[in-house]
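Here's the structure we're looking at; comments come further down.
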Amino acid sequence: MIDIEQQELVRTIYRPNRVAARLLLAHGAGAGNKHEFMDELSKLIAGHNIEVTSFNFPYMQIMYELDKRRPPNKVDKLVEHFHQELTNLQARSYSVPTYIGGKSMGGRVASLLASQPLDGLDVSGLVVFGYPFIPPGKPEKLAERMAHFDNIKCESLILQGDRDNFGGRELLDSLNFPSQIKVEWLESGDHSFKPLKASGLSHRHNMMVAATQTVNFILGSKRGI
């Protein structure tokens with residue numbers, strides 16, 4: 001049983017009956033926490049005793065309010081907002097391991113936060129769903145997008161589609177990652193983990209695989225979803 005608490009346009013909390021850990025989750029650049037990807041993923045993860053708080057960055061809150069597209073806030077402002085959400089989360093009374101992560105841009109912001117001093121805040125790990133290693137067609141951005149990886153101190157999991165145009169298997173197989181960063185693949189998946197029809201797989205299947213990998217990473221178990 002999951003209790004879903006909608007806190008206006010700011011955040012949604014997916015709270016299981018028993019909380020063994022919690023995940024603070026940020027959205028991608030073009031779609032907020034109401035998007036089906038974010039909602040489905042949060043529900044799958046929360047079904048295994050992990051409380052998920054899925055929040056919106058300030059520009060996305062305005063997009064939802066006005067129903068008009070807006071560009072993301074500057075990266076430093078996004079990191080600052082994520083830090084504030086983490087501060088708010090850890091101010092709650094109960095104490096369980098806290099993980100941070102996000103989809104695409106939100107995952108990049110989470111990784112930037114994890115590479116910085118956290119002023120006493122405790123982060124047990126980082127999970128990224130489709131890291132934007134390069135903007136499509138701009139491979140020259142790769143070094144910049146990975147420049148902070150060596151400074152990430154916590155254990156980290158990147159879940160990436162085989163054919164993600166922000167960084168698929170062909171690109172990533174040529175890279176060296178710090179020992180604390182592990183990359184796992186979603187078979188035939190694109191940036192949203194959607195597989196090709198010819199693969200015989202479904203989007204639901206890949207979402208379940210992504211959630212299973214996340215649960216195993218956070219809880220250290222081998223349970224499937």
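Residues in the structure tokens are numbered from 1 in each chain, the chains being A, B, ... in the order shown, and ligands are numbered from 1 in the order shown.
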**Message:** When you look at segment 165-169 of chain A with a cut-off of 6 Å (counting only C-alpha atoms), what residues show up, excluding the ones that are within fewer than 4 positions of it in the same chain? I need them as number ranges by chain.
**Reply:** A: 132-136, 173
Would you output that residue set with all heavy atoms, as a PDB file, in the first residue's frame?
ATOM      1  N   PRO A 132      22.434  12.610 -19.335  1.00  0.00           N
ATOM      2  CA  PRO A 132      22.660  13.319 -20.606  1.00  0.00           C
ATOM      3  C   PRO A 132      24.147  13.575 -20.843  1.00  0.00           C
ATOM      4  O   PRO A 132      24.633  14.691 -20.655  1.00  0.00           O
ATOM      5  CB  PRO A 132      21.879  14.627 -20.402  1.00  0.00           C
ATOM      6  CG  PRO A 132      21.983  14.889 -18.930  1.00  0.00           C
ATOM      7  CD  PRO A 132      21.977  13.528 -18.266  1.00  0.00           C
ATOM      8  N   PHE A 133      24.849  12.534 -21.266  1.00  0.00           N
ATOM      9  CA  PHE A 133      26.295  12.669 -21.479  1.00  0.00           C
ATOM     10  C   PHE A 133      26.610  13.708 -22.546  1.00  0.00           C
ATOM     11  O   PHE A 133      27.603  14.433 -22.436  1.00  0.00           O
ATOM     12  CB  PHE A 133      26.892  11.314 -21.868  1.00  0.00           C
ATOM     13  CG  PHE A 133      26.986  10.354 -20.729  1.00  0.00           C
ATOM     14  CD1 PHE A 133      25.952   9.468 -20.462  1.00  0.00           C
ATOM     15  CD2 PHE A 133      28.102  10.338 -19.904  1.00  0.00           C
ATOM     16  CE1 PHE A 133      26.033   8.581 -19.402  1.00  0.00           C
ATOM     17  CE2 PHE A 133      28.197   9.458 -18.840  1.00  0.00           C
ATOM     18  CZ  PHE A 133      27.146   8.578 -18.586  1.00  0.00           C
ATOM     19  N   ILE A 134      25.809  13.752 -23.586  1.00  0.00           N
ATOM     20  CA  ILE A 134      25.962  14.778 -24.629  1.00  0.00           C
ATOM     21  C   ILE A 134      24.576  15.247 -25.049  1.00  0.00           C
ATOM     22  O   ILE A 134      23.630  14.461 -25.075  1.00  0.00           O
ATOM     23  CB  ILE A 134      26.705  14.245 -25.875  1.00  0.00           C
ATOM     24  CG1 ILE A 134      25.961  13.054 -26.498  1.00  0.00           C
ATOM     25  CG2 ILE A 134      28.144  13.872 -25.529  1.00  0.00           C
ATOM     26  CD1 ILE A 134      26.482  12.633 -27.851  1.00  0.00           C
ATOM     27  N   PRO A 135      24.418  16.525 -25.385  1.00  0.00           N
ATOM     28  CA  PRO A 135      23.211  16.910 -26.110  1.00  0.00           C
ATOM     29  C   PRO A 135      23.282  16.218 -27.471  1.00  0.00           C
ATOM     30  O   PRO A 135      24.363  16.146 -28.067  1.00  0.00           O
ATOM     31  CB  PRO A 135      23.338  18.427 -26.249  1.00  0.00           C
ATOM     32  CG  PRO A 135      24.354  18.828 -25.219  1.00  0.00           C
ATOM     33  CD  PRO A 135      25.284  17.668 -25.097  1.00  0.00           C
ATOM     34  N   PRO A 136      22.181  15.674 -27.981  1.00  0.00           N
ATOM     35  CA  PRO A 136      22.242  14.958 -29.264  1.00  0.00           C
ATOM     36  C   PRO A 136      22.935  15.778 -30.346  1.00  0.00           C
ATOM     37  O   PRO A 136      22.616  16.938 -30.572  1.00  0.00           O
ATOM     38  CB  PRO A 136      20.765  14.732 -29.595  1.00  0.00           C
ATOM     39  CG  PRO A 136      20.101  14.641 -28.262  1.00  0.00           C
ATOM     40  CD  PRO A 136      20.823  15.644 -27.404  1.00  0.00           C
ATOM     41  N   ASP A 173      30.778   2.662 -23.950  1.00  0.00           N
ATOM     42  CA  ASP A 173      31.747   1.569 -23.904  1.00  0.00           C
ATOM     43  C   ASP A 173      33.174   2.054 -24.141  1.00  0.00           C
ATOM     44  O   ASP A 173      34.139   1.350 -23.808  1.00  0.00           O
ATOM     45  CB  ASP A 173      31.389   0.487 -24.928  1.00  0.00           C
ATOM     46  CG  ASP A 173      30.301  -0.453 -24.432  1.00  0.00           C
ATOM     47  OD1 ASP A 173      29.946  -0.380 -23.240  1.00  0.00           O
ATOM     48  OD2 ASP A 173      29.794  -1.261 -25.237  1.00  0.00           O
TER      49      ASP A 173
END
So that I can check the surroundings of Ser156 of chain A, please list as a short mmCIF file (atom, residue, chain, number, x, y, z; two decimals) with N, CA and C atoms, in the first residue's frame every protein, DNA and RNA residue that reaches within 10 Å of it, counting only C-alpha atoms and ignoring chain neighbours fewer than 5 positions away.
data_model
loop_
_atom_site.label_atom_id
_atom_site.label_comp_id
_atom_site.auth_asym_id
_atom_site.auth_seq_id
_atom_site.Cartn_x
_atom_site.Cartn_y
_atom_site.Cartn_z
N TYR A 99 18.87 8.71 -0.53
CA TYR A 99 19.48 8.66 -1.85
C TYR A 99 18.93 9.81 -2.68
N ILE A 100 19.74 10.29 -3.61
CA ILE A 100 19.28 11.35 -4.51
C ILE A 100 19.42 10.86 -5.95
N GLY A 101 18.63 11.45 -6.84
CA GLY A 101 18.72 11.04 -8.24
C GLY A 101 17.78 11.83 -9.11
N SER A 111 23.86 14.65 -9.65
CA SER A 111 25.28 14.26 -9.65
C SER A 111 26.18 15.45 -9.32
N ALA A 114 25.97 15.86 -5.65
CA ALA A 114 26.73 14.81 -4.97
C ALA A 114 28.23 15.02 -5.05
N SER A 124 23.48 8.70 0.90
CA SER A 124 24.03 7.35 0.84
C SER A 124 24.36 6.89 -0.57
N GLY A 125 23.75 7.52 -1.58
CA GLY A 125 24.01 7.11 -2.95
C GLY A 125 23.27 7.96 -3.96
N LEU A 126 23.62 7.75 -5.22
CA LEU A 126 23.09 8.52 -6.34
C LEU A 126 22.57 7.56 -7.40
N VAL A 127 21.36 7.85 -7.94
CA VAL A 127 20.79 7.05 -9.01
C VAL A 127 20.36 7.99 -10.14
N VAL A 128 20.83 7.71 -11.36
CA VAL A 128 20.48 8.53 -12.51
C VAL A 128 19.79 7.68 -13.57
N PHE A 149 32.68 13.95 -12.29
CA PHE A 149 32.45 12.56 -11.87
C PHE A 149 33.46 12.09 -10.82
N PRO A 178 34.87 6.38 -12.96
CA PRO A 178 35.43 6.18 -11.61
C PRO A 178 34.82 4.93 -10.98
N SER A 179 35.56 4.32 -10.07
CA SER A 179 35.14 3.03 -9.50
C SER A 179 33.81 3.11 -8.76
N GLN A 180 33.44 4.29 -8.26
CA GLN A 180 32.20 4.41 -7.50
C GLN A 180 30.96 4.57 -8.38
N ILE A 181 31.15 4.63 -9.70
CA ILE A 181 30.03 4.80 -10.63
C ILE A 181 29.84 3.54 -11.45
N LYS A 182 28.66 2.96 -11.36
CA LYS A 182 28.32 1.75 -12.09
C LYS A 182 27.25 2.08 -13.14
N VAL A 183 27.42 1.56 -14.34
CA VAL A 183 26.45 1.77 -15.42
C VAL A 183 25.75 0.44 -15.72
N PHE A 217 19.96 -1.64 -5.69
CA PHE A 217 21.06 -0.73 -5.37
C PHE A 217 20.83 -0.07 -4.00
#
Exercise for review: Quick one: pick out all alpha helix (DSSP H) residues within segment 3-192 of chain A from a backbone DSSP run and write them as a ChimeraX atom specification.
Suggested key: /A:36-46,58-66,75-90,105-114,142-146,169-172
field: DSSP strand (DSSP E or B) selection over segment 64-152 of chain A, as a ChimeraX atom specification
entry: /A:98-103,125-129
Just the selected residues (N, CA, C and O atoms), exported as a PDB file, in the first residue's frame, please.
ATOM      1  N   THR A  98      19.300   8.093   2.870  1.00  0.00           N
ATOM      2  CA  THR A  98      18.765   8.992   1.859  1.00  0.00           C
ATOM      3  C   THR A  98      19.575   8.886   0.574  1.00  0.00           C
ATOM      4  O   THR A  98      20.811   8.977   0.603  1.00  0.00           O
ATOM      5  N   TYR A  99      18.874   8.711  -0.528  1.00  0.00           N
ATOM      6  CA  TYR A  99      19.482   8.662  -1.854  1.00  0.00           C
ATOM      7  C   TYR A  99      18.933   9.813  -2.681  1.00  0.00           C
ATOM      8  O   TYR A  99      17.800  10.262  -2.472  1.00  0.00           O
ATOM      9  N   ILE A 100      19.740  10.294  -3.609  1.00  0.00           N
ATOM     10  CA  ILE A 100      19.280  11.350  -4.507  1.00  0.00           C
ATOM     11  C   ILE A 100      19.419  10.862  -5.947  1.00  0.00           C
ATOM     12  O   ILE A 100      20.212   9.958  -6.240  1.00  0.00           O
ATOM     13  N   GLY A 101      18.632  11.447  -6.842  1.00  0.00           N
ATOM     14  CA  GLY A 101      18.715  11.042  -8.242  1.00  0.00           C
ATOM     15  C   GLY A 101      17.777  11.833  -9.111  1.00  0.00           C
ATOM     16  O   GLY A 101      17.147  12.801  -8.671  1.00  0.00           O
ATOM     17  N   GLY A 102      17.687  11.412 -10.355  1.00  0.00           N
ATOM     18  CA  GLY A 102      16.806  12.115 -11.265  1.00  0.00           C
ATOM     19  C   GLY A 102      16.849  11.544 -12.663  1.00  0.00           C
ATOM     20  O   GLY A 102      17.685  10.705 -13.000  1.00  0.00           O
ATOM     21  N   LYS A 103      15.930  12.036 -13.460  1.00  0.00           N
ATOM     22  CA  LYS A 103      15.824  11.677 -14.868  1.00  0.00           C
ATOM     23  C   LYS A 103      16.576  12.699 -15.696  1.00  0.00           C
ATOM     24  O   LYS A 103      16.309  13.906 -15.577  1.00  0.00           O
ATOM     25  N   GLY A 125      23.748   7.520  -1.580  1.00  0.00           N
ATOM     26  CA  GLY A 125      24.015   7.109  -2.946  1.00  0.00           C
ATOM     27  C   GLY A 125      23.272   7.962  -3.960  1.00  0.00           C
ATOM     28  O   GLY A 125      22.416   8.776  -3.612  1.00  0.00           O
ATOM     29  N   LEU A 126      23.623   7.752  -5.216  1.00  0.00           N
ATOM     30  CA  LEU A 126      23.093   8.517  -6.344  1.00  0.00           C
ATOM     31  C   LEU A 126      22.566   7.561  -7.399  1.00  0.00           C
ATOM     32  O   LEU A 126      23.225   6.566  -7.721  1.00  0.00           O
ATOM     33  N   VAL A 127      21.363   7.851  -7.936  1.00  0.00           N
ATOM     34  CA  VAL A 127      20.788   7.050  -9.011  1.00  0.00           C
ATOM     35  C   VAL A 127      20.362   7.988 -10.138  1.00  0.00           C
ATOM     36  O   VAL A 127      19.620   8.948  -9.904  1.00  0.00           O
ATOM     37  N   VAL A 128      20.825   7.707 -11.357  1.00  0.00           N
ATOM     38  CA  VAL A 128      20.478   8.534 -12.513  1.00  0.00           C
ATOM     39  C   VAL A 128      19.789   7.682 -13.573  1.00  0.00           C
ATOM     40  O   VAL A 128      20.286   6.618 -13.944  1.00  0.00           O
ATOM     41  N   PHE A 129      18.669   8.172 -14.076  1.00  0.00           N
ATOM     42  CA  PHE A 129      17.893   7.476 -15.099  1.00  0.00           C
ATOM     43  C   PHE A 129      18.078   8.197 -16.436  1.00  0.00           C
ATOM     44  O   PHE A 129      17.415   9.187 -16.730  1.00  0.00           O
TER      45      PHE A 129
END
* To do: Find, counting only C-alpha atoms, the residue in A:Asn88, A:Ser188, A:Ser104, A:Thr212 that gets nearest to Gly200 of chain A.
  =>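 Smallest distance to Gly200 of chain A is found for A:Ser188.
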Who sits within 7 Å of segment 33-48 of chain A, only C-alpha atoms, same chain under 3 positions skipped, as a PyMOL selection string: chain A and resi 2+14-16+27+51-52+54-56+207+211+215
Using only C-alpha atoms, pick whichever of A:Leu23, A:Ile62, A:Leu113, A:Leu159 has the shortest atom-to-atom distance to Val10 of chain A.
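Among the listed residues, the smallest separation from Val10 of chain A belongs to A:Ile62.
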From A:Leu219, A:Cys154, A:Ala20, A:Ile13, residue lying nearest Leu112 of chain A [only C-alpha atoms]: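 Closest candidate: A:Cys154.
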Do a neighbour search on segment 195-199 of chain A at 12 Å with only C-alpha atoms, toss out local chain neighbours closer than 4 positions, and write the hits as a list of chain:residue names.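 Here the answer would be A:Gln160, A:Gly161, A:Asp162, A:Arg163, A:Asp164, A:Trp185, A:Leu186, A:Glu187, A:Ser188, A:Gly189, A:Asp190, A:His191, A:His203, A:Arg204, A:His205, A:Asn206, A:Met207.
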